[in-house]
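One file, protein27.pdb, carrying PDB, C-alpha atoms:
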ATOM      1  CA  MET A1453     107.676 116.977 123.424  1.00  0.00           C
ATOM      2  CA  ARG A1454     107.111 114.461 126.203  1.00  0.00           C
ATOM      3  CA  LYS A1455     103.528 115.676 126.766  1.00  0.00           C
ATOM      4  CA  ARG A1456     102.806 115.432 123.033  1.00  0.00           C
ATOM      5  CA  LEU A1457     104.125 111.861 122.861  1.00  0.00           C
ATOM      6  CA  TYR A1458     102.168 110.812 125.941  1.00  0.00           C
ATOM      7  CA  ALA A1459      98.988 112.437 124.589  1.00  0.00           C
ATOM      8  CA  MET A1460      99.406 110.708 121.225  1.00  0.00           C
ATOM      9  CA  MET A1461     100.057 107.304 122.829  1.00  0.00           C
ATOM     10  CA  SER A1462      96.969 107.710 124.995  1.00  0.00           C
ATOM     11  CA  LEU A1463      94.907 108.747 121.974  1.00  0.00           C
ATOM     12  CA  TYR A1464      96.249 105.785 119.961  1.00  0.00           C
ATOM     13  CA  VAL A1465      95.056 103.347 122.631  1.00  0.00           C
ATOM     14  CA  LYS A1466      91.603 104.962 122.767  1.00  0.00           C
ATOM     15  CA  ILE A1467      91.255 105.009 118.975  1.00  0.00           C
ATOM     16  CA  THR A1468      92.374 101.384 118.650  1.00  0.00           C
ATOM     17  CA  THR A1469      89.899 100.290 121.316  1.00  0.00           C
ATOM     18  CA  GLY A1470      87.109 102.236 119.623  1.00  0.00           C
ATOM     19  CA  ILE A1471      87.901 100.767 116.205  1.00  0.00           C
ATOM     20  CA  LEU A1472      87.986  97.236 117.605  1.00  0.00           C
ATOM     21  CA  PHE A1473      84.598  97.762 119.228  1.00  0.00           C
ATOM     22  CA  VAL A1474      82.887  99.207 116.151  1.00  0.00           C
ATOM     23  CA  ALA A1475      84.580  96.628 113.902  1.00  0.00           C
ATOM     24  CA  ALA A1476      83.021  93.855 115.988  1.00  0.00           C
ATOM     25  CA  VAL A1477      79.593  95.496 115.691  1.00  0.00           C
ATOM     26  CA  PHE A1478      80.015  96.328 111.972  1.00  0.00           C
ATOM     27  CA  ILE A1479      81.210  92.841 111.023  1.00  0.00           C
ATOM     28  CA  SER A1480      78.443  91.191 113.042  1.00  0.00           C
ATOM     29  CA  ALA A1481      75.782  93.439 111.509  1.00  0.00           C
ATOM     30  CA  PHE A1482      76.881  93.230 107.870  1.00  0.00           C
ATOM     31  CA  TYR A1483      78.631  89.867 107.618  1.00  0.00           C
ATOM     32  CA  GLY A1484      77.189  87.792 110.477  1.00  0.00           C
ATOM     33  CA  TRP A1485      78.556  85.996 113.504  1.00  0.00           C
ATOM     34  CA  GLU A1486      80.140  83.212 111.487  1.00  0.00           C
ATOM     35  CA  GLU A1487      82.410  85.483 109.403  1.00  0.00           C
ATOM     36  CA  ARG A1488      85.999  84.261 109.226  1.00  0.00           C
ATOM     37  CA  LEU A1489      88.653  86.950 109.268  1.00  0.00           C
ATOM     38  CA  GLN A1490      92.332  86.970 108.433  1.00  0.00           C
ATOM     39  CA  VAL A1491      95.015  88.192 110.821  1.00  0.00           C
ATOM     40  CA  LYS A1492      95.749  91.094 108.474  1.00  0.00           C
ATOM     41  CA  ILE A1493      92.675  92.913 109.804  1.00  0.00           C
ATOM     42  CA  LEU A1494      94.459  93.340 113.141  1.00  0.00           C
ATOM     43  CA  TRP A1495      97.450  94.962 111.416  1.00  0.00           C
ATOM     44  CA  GLN A1496      95.071  97.118 109.384  1.00  0.00           C
ATOM     45  CA  ILE A1497      93.346  98.310 112.560  1.00  0.00           C
ATOM     46  CA  LEU A1498      96.672  99.064 114.257  1.00  0.00           C
ATOM     47  CA  GLY A1499      97.921 100.956 111.193  1.00  0.00           C
ATOM     48  CA  LEU A1500      94.675 102.868 110.755  1.00  0.00           C
ATOM     49  CA  SER A1501      94.767 103.872 114.431  1.00  0.00           C
ATOM     50  CA  GLY A1502      98.294 105.184 113.933  1.00  0.00           C
ATOM     51  CA  ILE A1503      97.360 107.220 110.865  1.00  0.00           C
ATOM     52  CA  CYS A1504      94.345 108.680 112.674  1.00  0.00           C
ATOM     53  CA  THR A1505      96.522 109.518 115.682  1.00  0.00           C
ATOM     54  CA  LEU A1506      99.009 111.390 113.480  1.00  0.00           C
ATOM     55  CA  GLY A1507      96.244 113.765 112.468  1.00  0.00           C
ATOM     56  CA  SER A1508      95.957 114.879 116.101  1.00  0.00           C
ATOM     57  CA  LEU A1509      99.136 116.908 115.642  1.00  0.00           C
ATOM     58  CA  VAL A1510      96.854 119.824 114.673  1.00  0.00           C
ATOM     59  CA  LEU A1511      95.380 119.793 118.178  1.00  0.00           C
ATOM     60  CA  PRO A1512      97.226 121.636 120.961  1.00  0.00           C
ATOM     61  CA  VAL A1513      98.525 119.657 123.913  1.00  0.00           C
ATOM     62  CA  ASP A1514      97.429 120.778 127.386  1.00  0.00           C
ATOM     63  CA  GLY A1515      99.799 123.431 128.653  1.00  0.00           C
ATOM     64  CA  GLY A1516     101.122 124.096 125.172  1.00  0.00           C
ATOM     65  CA  GLN A1517     100.232 126.844 122.762  1.00  0.00           C
ATOM     66  CA  GLU A1518      97.209 129.045 123.431  1.00  0.00           C
ATOM     67  CA  VAL A1519      94.536 129.031 120.737  1.00  0.00           C
ATOM     68  CA  SER A1520      91.256 130.902 120.424  1.00  0.00           C
ATOM     69  CA  LYS A1521      87.923 129.106 120.663  1.00  0.00           C
ATOM     70  CA  LYS A1522      87.351 129.716 116.957  1.00  0.00           C
ATOM     71  CA  SER A1523      90.754 128.282 116.062  1.00  0.00           C
ATOM     72  CA  MET A1524      90.199 125.282 118.338  1.00  0.00           C
ATOM     73  CA  LEU A1525      86.813 124.581 116.761  1.00  0.00           C
ATOM     74  CA  ALA A1526      88.373 124.775 113.291  1.00  0.00           C
ATOM     75  CA  ARG A1527      91.094 122.334 114.367  1.00  0.00           C
ATOM     76  CA  ILE A1528      88.569 119.893 115.823  1.00  0.00           C
ATOM     77  CA  VAL A1529      86.413 120.013 112.683  1.00  0.00           C
ATOM     78  CA  GLY A1530      89.503 119.673 110.483  1.00  0.00           C
ATOM     79  CA  TYR A1531      90.690 116.671 112.487  1.00  0.00           C
ATOM     80  CA  TYR A1532      87.226 115.084 112.249  1.00  0.00           C
ATOM     81  CA  LEU A1533      87.211 115.526 108.467  1.00  0.00           C
ATOM     82  CA  TYR A1534      90.753 114.083 108.309  1.00  0.00           C
ATOM     83  CA  VAL A1535      89.671 111.027 110.330  1.00  0.00           C
ATOM     84  CA  ASN A1536      86.620 110.535 108.085  1.00  0.00           C
ATOM     85  CA  ALA A1537      88.715 110.696 104.923  1.00  0.00           C
ATOM     86  CA  VAL A1538      91.397 108.359 106.289  1.00  0.00           C
ATOM     87  CA  VAL A1539      88.963 105.753 107.624  1.00  0.00           C
ATOM     88  CA  LEU A1540      86.752 105.767 104.530  1.00  0.00           C
ATOM     89  CA  LEU A1541      89.673 105.541 102.108  1.00  0.00           C
ATOM     90  CA  CYS A1542      91.566 102.922 104.117  1.00  0.00           C
ATOM     91  CA  GLY A1543      88.371 100.954 104.813  1.00  0.00           C
ATOM     92  CA  PHE A1544      87.612 100.847 101.100  1.00  0.00           C
ATOM     93  CA  TRP A1545      91.225  99.939 100.266  1.00  0.00           C
ATOM     94  CA  PHE A1546      91.209  97.177 102.925  1.00  0.00           C
ATOM     95  CA  GLU A1547      87.886  95.980 101.429  1.00  0.00           C
ATOM     96  CA  TRP A1548      86.013  96.439 104.703  1.00  0.00           C
ATOM     97  CA  PHE A1549      83.072  97.875 102.774  1.00  0.00           C
ATOM     98  CA  SER A1550      82.014  98.929  99.291  1.00  0.00           C
ATOM     99  CA  PHE A1551      81.020 102.437  98.246  1.00  0.00           C
ATOM    100  CA  GLY A1552      78.343 100.716  96.127  1.00  0.00           C
ATOM    101  CA  ASN A1553      76.537  99.587  99.304  1.00  0.00           C
ATOM    102  CA  TRP A1554      75.090 102.762 100.827  1.00  0.00           C
ATOM    103  CA  GLU A1555      74.120 100.932 104.047  1.00  0.00           C
ATOM    104  CA  GLN A1556      77.738  99.973 104.648  1.00  0.00           C
ATOM    105  CA  VAL A1557      78.957 103.496 103.869  1.00  0.00           C
ATOM    106  CA  LEU A1558      76.368 104.933 106.251  1.00  0.00           C
ATOM    107  CA  GLY A1559      77.439 102.340 108.843  1.00  0.00           C
ATOM    108  CA  MET A1560      81.076 103.398 108.445  1.00  0.00           C
ATOM    109  CA  VAL A1561      80.212 107.094 108.772  1.00  0.00           C
ATOM    110  CA  ALA A1562      78.161 106.343 111.908  1.00  0.00           C
ATOM    111  CA  ALA A1563      81.001 104.211 113.304  1.00  0.00           C
ATOM    112  CA  ILE A1564      83.508 107.007 112.680  1.00  0.00           C
ATOM    113  CA  ALA A1565      81.274 109.546 114.430  1.00  0.00           C
ATOM    114  CA  PHE A1566      80.722 107.176 117.365  1.00  0.00           C
ATOM    115  CA  VAL A1567      84.434 106.513 117.885  1.00  0.00           C
ATOM    116  CA  TYR A1568      85.375 110.179 117.398  1.00  0.00           C
ATOM    117  CA  LEU A1569      82.771 111.385 119.915  1.00  0.00           C
ATOM    118  CA  THR A1570      83.490 108.628 122.414  1.00  0.00           C
ATOM    119  CA  VAL A1571      87.244 109.235 122.303  1.00  0.00           C
ATOM    120  CA  GLY A1572      86.712 113.004 122.549  1.00  0.00           C
ATOM    121  CA  ILE A1573      84.342 112.757 125.500  1.00  0.00           C
ATOM    122  CA  LEU A1574      86.532 110.210 127.297  1.00  0.00           C
ATOM    123  CA  SER A1575      89.655 112.320 126.742  1.00  0.00           C
ATOM    124  CA  SER A1576      87.929 115.486 128.002  1.00  0.00           C
ATOM    125  CA  TRP A1577      86.590 113.679 131.057  1.00  0.00           C
ATOM    126  CA  LEU A1578      90.039 112.277 131.907  1.00  0.00           C
ATOM    127  CA  GLU A1579      91.629 115.730 131.484  1.00  0.00           C
ATOM    128  CA  TYR A1580      88.937 117.237 133.714  1.00  0.00           C
ATOM    129  CA  ARG A1581      89.587 114.618 136.406  1.00  0.00           C
ATOM    130  CA  GLU A1582      93.320 115.299 136.239  1.00  0.00           C
ATOM    131  CA  ALA A1583      92.744 119.055 136.556  1.00  0.00           C
ATOM    132  CA  GLU A1584      90.461 118.494 139.547  1.00  0.00           C
ATOM    133  CA  ARG A1585      93.086 116.279 141.189  1.00  0.00           C
ATOM    134  CA  MET A1586      95.754 118.928 140.666  1.00  0.00           C
ATOM    135  CA  ASN A1587      93.482 121.665 142.050  1.00  0.00           C
ATOM    136  CA  GLN A1588      92.830 119.583 145.180  1.00  0.00           C
ATOM    137  CA  LYS A1589      96.571 119.158 145.692  1.00  0.00           C
ATOM    138  CA  LEU A1590      97.081 122.921 145.312  1.00  0.00           C
ATOM    139  CA  GLU A1591      94.311 123.603 147.844  1.00  0.00           C
ATOM    140  CA  GLY A1592      95.949 121.157 150.256  1.00  0.00           C
ATOM    141  CA  ARG A1593      99.285 122.950 149.935  1.00  0.00           C
ATOM    142  CA  LYS A1594      97.696 126.368 150.533  1.00  0.00           C
ATOM    143  CA  ARG A1595      96.062 125.123 153.742  1.00  0.00           C
ATOM    144  CA  GLY A1596      99.080 123.168 154.981  1.00  0.00           C
TER     145      GLY A1596
END
Here is a file; write its structure as structure tokens.
Amino acid sequence: MRKRLYAMMSLYVKITTGILFVAAVFISAFYGWEERLQVKILWQILGLSGICTLGSLVLPVDGGQEVSKKSMLARIVGYYLYVNAVVLLCGFWFEWFSFGNWEQVLGMVAAIAFVYLTVGILSSWLEYREAERMNQKLEGRKRG
């Protein structure tokens, strides 16, 4: 349970950072540098990050249940589709874009893919580094 909570908190931070970054780019590109925003967008971003993080419950936590490669791929694809649906529906509801403007929809889909891939790559890289660190400690204990 502790590992799951830690993993979800870490993912929440990464997702929030990614959304803030792409929101800055999206707003600048579609609405310009002089756009005035309300504080509610910050709460929307925090809430959206939380909803996206909840979807990660389908993914196993390191050291938890064993899953096949096929099952893991299905979970990753399912989570990606979940994130797409949540972001597109919430973004439309929050009036971040209009489905009538195909450029904005395409921009949102590209932003979702960018954040998803960036968070996934960053998370994998951090897990790899942690595994390497643990392996070095184990090697040190074997020698000492």
query: Please, what distance in Å, to one decimal, runs between atom CA of A:Val1539 and atom CA of A:Cys1504?
result: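 One can read the atom CA of A:Val1539 to atom CA of A:Cys1504 distance as 7.9 Å.
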message: To test your reading of the syntax: which residues would the PyMOL selection byres ((chain A and resi 1456) around 9) return for the file shown? Reply as a PyMOL selection string.
response: chain A and resi 1453-1455+1457-1461+1509+1512-1514
Once you have the residues from the selection above, write them out as a PDB file, in the frame of the given file, restricted to C-alpha atoms.
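Saved file selection-v8.pdb follows:
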ATOM      1  CA  MET A1453     107.676 116.977 123.424  1.00  0.00           C
ATOM      2  CA  ARG A1454     107.111 114.461 126.203  1.00  0.00           C
ATOM      3  CA  LYS A1455     103.528 115.676 126.766  1.00  0.00           C
ATOM      4  CA  LEU A1457     104.125 111.861 122.861  1.00  0.00           C
ATOM      5  CA  TYR A1458     102.168 110.812 125.941  1.00  0.00           C
ATOM      6  CA  ALA A1459      98.988 112.437 124.589  1.00  0.00           C
ATOM      7  CA  MET A1460      99.406 110.708 121.225  1.00  0.00           C
ATOM      8  CA  MET A1461     100.057 107.304 122.829  1.00  0.00           C
ATOM      9  CA  LEU A1509      99.136 116.908 115.642  1.00  0.00           C
ATOM     10  CA  PRO A1512      97.226 121.636 120.961  1.00  0.00           C
ATOM     11  CA  VAL A1513      98.525 119.657 123.913  1.00  0.00           C
ATOM     12  CA  ASP A1514      97.429 120.778 127.386  1.00  0.00           C
TER      13      ASP A1514
END
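Using only C-alpha atoms, the nearest neighbour of A:Phe1546 within the list A:Gly1484, A:Gly1530, A:Gly1499, A:Gly1507 is A:Gly1499.
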If we count only C-alpha atoms, what is near A:Phe1478 at a cut-off of 9 Å, once residues fewer than 2 positions away on the same chain are taken out, given as a tab-separated table (two decimals) with C-alpha atoms, in the frame of the given file?
chain	number	residue	atom	x	y	z
A	1473	PHE	CA	84.60	97.76	119.23
A	1474	VAL	CA	82.89	99.21	116.15
A	1475	ALA	CA	84.58	96.63	113.90
A	1476	ALA	CA	83.02	93.86	115.99
A	1480	SER	CA	78.44	91.19	113.04
A	1481	ALA	CA	75.78	93.44	111.51
A	1482	PHE	CA	76.88	93.23	107.87
A	1483	TYR	CA	78.63	89.87	107.62
A	1556	GLN	CA	77.74	99.97	104.65
A	1559	GLY	CA	77.44	102.34	108.84
A	1560	MET	CA	81.08	103.40	108.44
A	1563	ALA	CA	81.00	104.21	113.30
- prompt: So how many Å separate atom CA of A:Met1586 and atom CA of A:Leu1574, to one decimal?
  reply: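 Separation of atom CA of A:Met1586 and atom CA of A:Leu1574: 18.4 Å.
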task: Determine the residue membership of the PyMOL selection byres ((chain A and resi 1561) around 12) for the file above and supply it as a ChimeraX atom specification.
output: /A:1474,1478,1532-1533,1535-1541,1543,1549,1551,1554-1560,1562-1568
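Pairwise distance (atom CA of A:Trp1577, atom CA of A:Leu1463) equals 13.3 Å.
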- request: Kindly extract all protein, DNA and RNA residues lying within 12 Å of the coordinates (95.7, 92.3, 104.3) given in the file, considering only C-alpha atoms, and supply them as an NGL selection string.
  value: :A and (1489-1497 or 1499 or 1542-1543 or 1545-1548)
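Here the question is which of A:Met1524, A:Ile1479, A:Ile1503, A:Val1465 gets nearest to A:Val1571 using all atoms listed in the file, and that residue is A:Val1465.
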- line: With distances taken over only C-alpha atoms, the candidate from A:Thr1469, A:Asn1587, A:Ser1523, A:Ser1576 nearest A:Leu1511 is A:Ser1523
Quick one: 4 Å padding each side, axis-aligned, all listed atoms of stretch 1489-1492 of chain A - centre and edge lengths in Å to one decimal, as AutoDock Vina command-line options?
--center_x 92.2 --center_y 89.0 --center_z 109.6 --size_x 15.1 --size_y 12.1 --size_z 10.4
